[in-house]
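Asks: Provided herewith is a single structure, encoded as structure tokens, for subsequent inquiry.
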Amino acid sequence: MRRGLLAVLLLGLACTPPALAGTVGTWERFTGDDGGNTSYLGLHRTSDGVLHAVWESVNPATTNSTDILHRTVAPNGVIAPRTLVVNWPNASPPDIAAAPGGGLLTLWGGIKGSADSGFATSDDSGAAWAESPTPPVASGSLYASPVSIENGPGGTVFSTWYGTSGTWVHLGTDPATPNFNYQTPLGGYAESAPNLAVDGADGTMWLGWPVFSAGANNGAWVTQVDTATGAPAGAPLKVPGSSTTYAGAQEGPSTLGRWAITGRPGRPGVFVASPAGYPSENKIVFWRVGQPSSITLDASAAQHRQVAMTADADGRIIVVWGTDSGGAAGQFFARVSNTDVTSFGPTFEIPAPPSAGSLGAIAASGQSGGLIDLFANVTEKDNQTIRYYHTQAIPPPILAKAVNAKVVSGVV
């Protein structure tokens, strides 16, 4: 029987006014310098346009203990002071979503007493967090994996994670609810952290993840999730073009970060962006779930280990990728679709932080007009300091088609 955990009221770390701004063309430090190259950020934007981020960080005052930290970014890129969510032994990367009934919920894995997962809630400000006395998930090895969470019907939170034992989905935050293994029909195991996305028109939920060590099934896959139970709602579908025949075998992709799958708020479609190619993943393929084929967004000689995807409020899909090989250390590139996702604008570069030596995971969130909040986990040129940086980017104007503008005064 699980022992109950004490509920904890979690306090802010700082009261100083915000001073940092990772605005367009400027990178600012977002996390401390005690991160790791396998750290992930979880992102969620509230209705006021504020972007909330959570991540895990080593607690400098204790041994084998981890802080889950929270920070906000205003729509104009101003970064607020961070708050402490919780102090847990060996916590894995958390994620954040809306809490059922309002406010915010962050969920993570780890080992604390008899619990191997935890979650905390706050109001929409994220200024103070309260940890639940009950773990949200039982077993399934969540303690050792990054978790991804997404809101389903009525705001219910779904979580997904992976390990050598399977790729799992769990409905809600009751540990008595079963975990469902989506890996079973494919064999092998996940190569990167799975992720969830919701079709904004019909409310269907989809799991996306890359499969490894599964022979002919290597590649990227999606499966619909039954939002009443968390169980698979149909057969897995392979992302066209995500695997490559090499030496007579199928080889699939992986990424450094959560798998790139997204829906669009209030609009139809679920979309996947996947690296492809072997032995070098030198392409980015893009697929709308259910279409007969994918399209190629990039086919360069560079190694693509970082891919992130997001949707803006107007319905555009934004795909960002990075490379830190082939003599092109610390480069990012992006393409932005039209609002119907029937075509993409040209590739444009987002210059990386000047201190970047190599890149880990990236994460992105879109704002209206194709504006991108981009976060990059950077190992700096000293090969010791690892931290996340934040910037904003916007696609360049296209001659005779588009301009970038903002209101200076008056009413538009």
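Residues are named by chain letter and number: chains run A, B, ... in the order of the structure tokens, numbers start at 1 in each chain, and ligands are numbered from 1 in the order shown.
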Just the residues within 9 Å of Asp226 in chain A, please, counting only C-alpha atoms, with nothing from its chain fewer than 5 positions along; format it as JSON, numbers by chain.
Replies: {"A": [204, 205, 206, 231, 232, 233, 234]}
Asks: Considering only C-alpha atoms, return as JSON, numbers by chain whatever protein or nucleic-acid residues lie within 7 Å of range 64-66 of chain A, sequence-local ones (same chain, fewer than 6 positions apart) excluded.
Replies: {"A": [56, 57, 58, 87, 88, 89, 90, 91]}
Asks: Any chance you could export the current selection's N, CA and C atoms as a PDB file, in the first residue's frame?
Replies:
```pdb
ATOM      1  N   GLU A  56      13.671  20.589 -14.595  1.00  0.00           N
ATOM      2  CA  GLU A  56      14.307  20.026 -13.410  1.00  0.00           C
ATOM      3  C   GLU A  56      15.743  20.529 -13.310  1.00  0.00           C
ATOM      4  N   SER A  57      16.226  20.679 -12.072  1.00  0.00           N
ATOM      5  CA  SER A  57      17.575  21.179 -11.856  1.00  0.00           C
ATOM      6  C   SER A  57      18.124  20.588 -10.567  1.00  0.00           C
ATOM      7  N   VAL A  58      19.397  20.286 -10.544  1.00  0.00           N
ATOM      8  CA  VAL A  58      20.037  19.730  -9.349  1.00  0.00           C
ATOM      9  C   VAL A  58      19.959  20.745  -8.214  1.00  0.00           C
ATOM     10  N   ASN A  87      10.893  19.995  -4.298  1.00  0.00           N
ATOM     11  CA  ASN A  87      12.220  19.427  -4.120  1.00  0.00           C
ATOM     12  C   ASN A  87      12.048  17.917  -4.008  1.00  0.00           C
ATOM     13  N   TRP A  88      12.530  17.191  -5.012  1.00  0.00           N
ATOM     14  CA  TRP A  88      12.304  15.751  -5.082  1.00  0.00           C
ATOM     15  C   TRP A  88      13.616  15.022  -5.321  1.00  0.00           C
ATOM     16  N   PRO A  89      13.757  13.790  -4.800  1.00  0.00           N
ATOM     17  CA  PRO A  89      14.947  12.994  -5.118  1.00  0.00           C
ATOM     18  C   PRO A  89      14.914  12.499  -6.568  1.00  0.00           C
ATOM     19  N   ASN A  90      15.943  12.836  -7.322  1.00  0.00           N
ATOM     20  CA  ASN A  90      16.154  12.265  -8.663  1.00  0.00           C
ATOM     21  C   ASN A  90      14.943  12.432  -9.581  1.00  0.00           C
ATOM     22  N   ALA A  91      14.353  13.615  -9.585  1.00  0.00           N
ATOM     23  CA  ALA A  91      13.184  13.844 -10.440  1.00  0.00           C
ATOM     24  C   ALA A  91      13.578  13.850 -11.906  1.00  0.00           C
TER      25      ALA A  91
END
```
Asks: Run DSSP on the backbone of this structure and report the residues of range 138-313 of chain A it assigns to strand (DSSP E or B), as a VMD selection string.
Replies: chain A and resid 148 to 151 157 to 163 166 to 171 179 to 181 189 to 190 193 195 to 198 205 to 212 219 to 225 232 237 to 238 244 to 246 249 to 251 258 261 to 264 267 to 276 283 to 288 295 to 299 306 to 311
Asks: For Ser192 in chain A, find every residue with an atom within 8 Å (counting only C-alpha atoms), except residues of its own chain fewer than 5 positions away, and show them as a PDB file with C-alpha atoms, in the first residue's frame.
Replies:
```pdb
ATOM      1  CA  TRP A 209       6.843   8.598 -30.933  1.00  0.00           C
ATOM      2  CA  PRO A 210       9.827   7.053 -32.768  1.00  0.00           C
ATOM      3  CA  SER A 254      15.354  10.012 -32.907  1.00  0.00           C
ATOM      4  CA  THR A 255      15.516  13.495 -31.418  1.00  0.00           C
ATOM      5  CA  LEU A 256      16.996  15.222 -28.388  1.00  0.00           C
ATOM      6  CA  GLY A 257      13.720  16.294 -26.819  1.00  0.00           C
ATOM      7  CA  ARG A 258      10.017  15.521 -26.808  1.00  0.00           C
ATOM      8  CA  TRP A 259       8.644  14.202 -30.079  1.00  0.00           C
TER       9      TRP A 259
END
```
Asks: Could you state the separation of CA of Gln384 in chain A and CA of Ser355 in chain A in Å, given to one decimal place?
Replies: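 One can read the CA of Gln384 in chain A to CA of Ser355 in chain A distance as 11.8 Å.
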Asks: Hey, what's within 8 Å of Val147 in chain A if we count only C-alpha atoms and toss same-chain stuff fewer than 6 positions away? As a list in words, please?
Replies: Ser92, Pro93, Pro94, Asp95, Leu107, Trp108, Gly109, Ser159, Thr160, Trp161 and Ala193 of chain A
Asks: Convert the current residue selection to file output with all heavy atoms, as an mmCIF file, in the first residue's frame.
Replies:
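The resulting file, selection.cif, is reproduced below:
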```
data_model
loop_
_atom_site.group_PDB
_atom_site.id
_atom_site.type_symbol
_atom_site.label_atom_id
_atom_site.label_comp_id
_atom_site.auth_asym_id
_atom_site.auth_seq_id
_atom_site.Cartn_x
_atom_site.Cartn_y
_atom_site.Cartn_z
ATOM 1 N N SER A 92 12.682 13.338 -12.742
ATOM 2 C CA SER A 92 12.891 13.353 -14.184
ATOM 3 C C SER A 92 12.240 14.603 -14.768
ATOM 4 O O SER A 92 11.462 15.287 -14.095
ATOM 5 C CB SER A 92 12.298 12.087 -14.804
ATOM 6 O OG SER A 92 10.908 12.034 -14.582
ATOM 7 N N PRO A 93 12.532 14.939 -16.049
ATOM 8 C CA PRO A 93 11.998 16.174 -16.625
ATOM 9 C C PRO A 93 10.479 16.242 -16.557
ATOM 10 O O PRO A 93 9.783 15.305 -16.944
ATOM 11 C CB PRO A 93 12.493 16.113 -18.071
ATOM 12 C CG PRO A 93 13.763 15.333 -18.006
ATOM 13 C CD PRO A 93 13.505 14.284 -16.966
ATOM 14 N N PRO A 94 9.924 17.367 -16.063
ATOM 15 C CA PRO A 94 8.483 17.517 -15.898
ATOM 16 C C PRO A 94 7.840 18.134 -17.142
ATOM 17 O O PRO A 94 8.517 18.570 -18.077
ATOM 18 C CB PRO A 94 8.384 18.491 -14.725
ATOM 19 C CG PRO A 94 9.580 19.394 -14.938
ATOM 20 C CD PRO A 94 10.667 18.503 -15.512
ATOM 21 N N ASP A 95 6.523 18.197 -17.134
ATOM 22 C CA ASP A 95 5.772 18.930 -18.152
ATOM 23 C C ASP A 95 4.658 19.689 -17.457
ATOM 24 O O ASP A 95 4.356 19.454 -16.276
ATOM 25 C CB ASP A 95 5.221 17.979 -19.213
ATOM 26 C CG ASP A 95 4.906 18.691 -20.527
ATOM 27 O OD1 ASP A 95 5.178 19.910 -20.643
ATOM 28 O OD2 ASP A 95 4.391 18.037 -21.443
ATOM 29 N N LEU A 107 3.653 17.903 -13.735
ATOM 30 C CA LEU A 107 3.750 16.482 -13.375
ATOM 31 C C LEU A 107 5.145 15.996 -13.721
ATOM 32 O O LEU A 107 5.714 16.402 -14.730
ATOM 33 C CB LEU A 107 2.669 15.706 -14.130
ATOM 34 C CG LEU A 107 2.385 14.253 -13.736
ATOM 35 C CD1 LEU A 107 0.937 13.896 -14.072
ATOM 36 C CD2 LEU A 107 3.309 13.282 -14.450
ATOM 37 N N TRP A 108 5.695 15.110 -12.889
ATOM 38 C CA TRP A 108 7.053 14.629 -13.082
ATOM 39 C C TRP A 108 7.183 13.204 -12.556
ATOM 40 O O TRP A 108 6.327 12.715 -11.824
ATOM 41 C CB TRP A 108 8.050 15.546 -12.357
ATOM 42 C CG TRP A 108 7.818 15.605 -10.880
ATOM 43 C CD1 TRP A 108 8.363 14.789 -9.924
ATOM 44 C CD2 TRP A 108 6.941 16.498 -10.180
ATOM 45 N NE1 TRP A 108 7.900 15.123 -8.676
ATOM 46 C CE2 TRP A 108 7.022 16.171 -8.802
ATOM 47 C CE3 TRP A 108 6.109 17.549 -10.576
ATOM 48 C CZ2 TRP A 108 6.307 16.859 -7.838
ATOM 49 C CZ3 TRP A 108 5.387 18.225 -9.602
ATOM 50 C CH2 TRP A 108 5.486 17.878 -8.250
ATOM 51 N N GLY A 109 8.255 12.555 -12.895
ATOM 52 C CA GLY A 109 8.605 11.265 -12.333
ATOM 53 C C GLY A 109 9.759 11.403 -11.366
ATOM 54 O O GLY A 109 10.476 12.404 -11.359
ATOM 55 N N SER A 159 -0.993 11.730 -19.545
ATOM 56 C CA SER A 159 0.472 11.722 -19.491
ATOM 57 C C SER A 159 1.015 10.561 -20.313
ATOM 58 O O SER A 159 0.363 9.523 -20.470
ATOM 59 C CB SER A 159 0.959 11.611 -18.042
ATOM 60 O OG SER A 159 0.374 10.514 -17.379
ATOM 61 N N THR A 160 2.224 10.743 -20.834
ATOM 62 C CA THR A 160 2.903 9.683 -21.592
ATOM 63 C C THR A 160 4.389 9.714 -21.272
ATOM 64 O O THR A 160 4.963 10.769 -21.017
ATOM 65 C CB THR A 160 2.667 9.825 -23.106
ATOM 66 O OG1 THR A 160 3.309 8.737 -23.791
ATOM 67 C CG2 THR A 160 3.200 11.134 -23.654
ATOM 68 N N TRP A 161 5.010 8.533 -21.290
ATOM 69 C CA TRP A 161 6.436 8.387 -21.014
ATOM 70 C C TRP A 161 6.899 7.074 -21.631
ATOM 71 O O TRP A 161 6.106 6.323 -22.198
ATOM 72 C CB TRP A 161 6.701 8.414 -19.506
ATOM 73 C CG TRP A 161 6.127 7.256 -18.757
ATOM 74 C CD1 TRP A 161 6.755 6.097 -18.394
ATOM 75 C CD2 TRP A 161 4.771 7.122 -18.286
ATOM 76 N NE1 TRP A 161 5.895 5.252 -17.728
ATOM 77 C CE2 TRP A 161 4.669 5.851 -17.652
ATOM 78 C CE3 TRP A 161 3.642 7.935 -18.348
ATOM 79 C CZ2 TRP A 161 3.482 5.399 -17.083
ATOM 80 C CZ3 TRP A 161 2.453 7.478 -17.774
ATOM 81 C CH2 TRP A 161 2.386 6.228 -17.158
ATOM 82 N N ALA A 193 11.485 10.665 -26.324
ATOM 83 C CA ALA A 193 10.307 10.848 -25.478
ATOM 84 C C ALA A 193 9.045 11.011 -26.315
ATOM 85 O O ALA A 193 8.995 11.848 -27.219
ATOM 86 C CB ALA A 193 10.498 12.073 -24.587
#
```
Asks: Find the residues near range 138-140 of chain A: any atom within 8 Å, counting only C-alpha atoms, skip ones fewer than 2 places away on the same chain, and give them as number ranges by chain.
Replies: A: 115-117, 135-136, 142, 165, 168, 175-176, 179
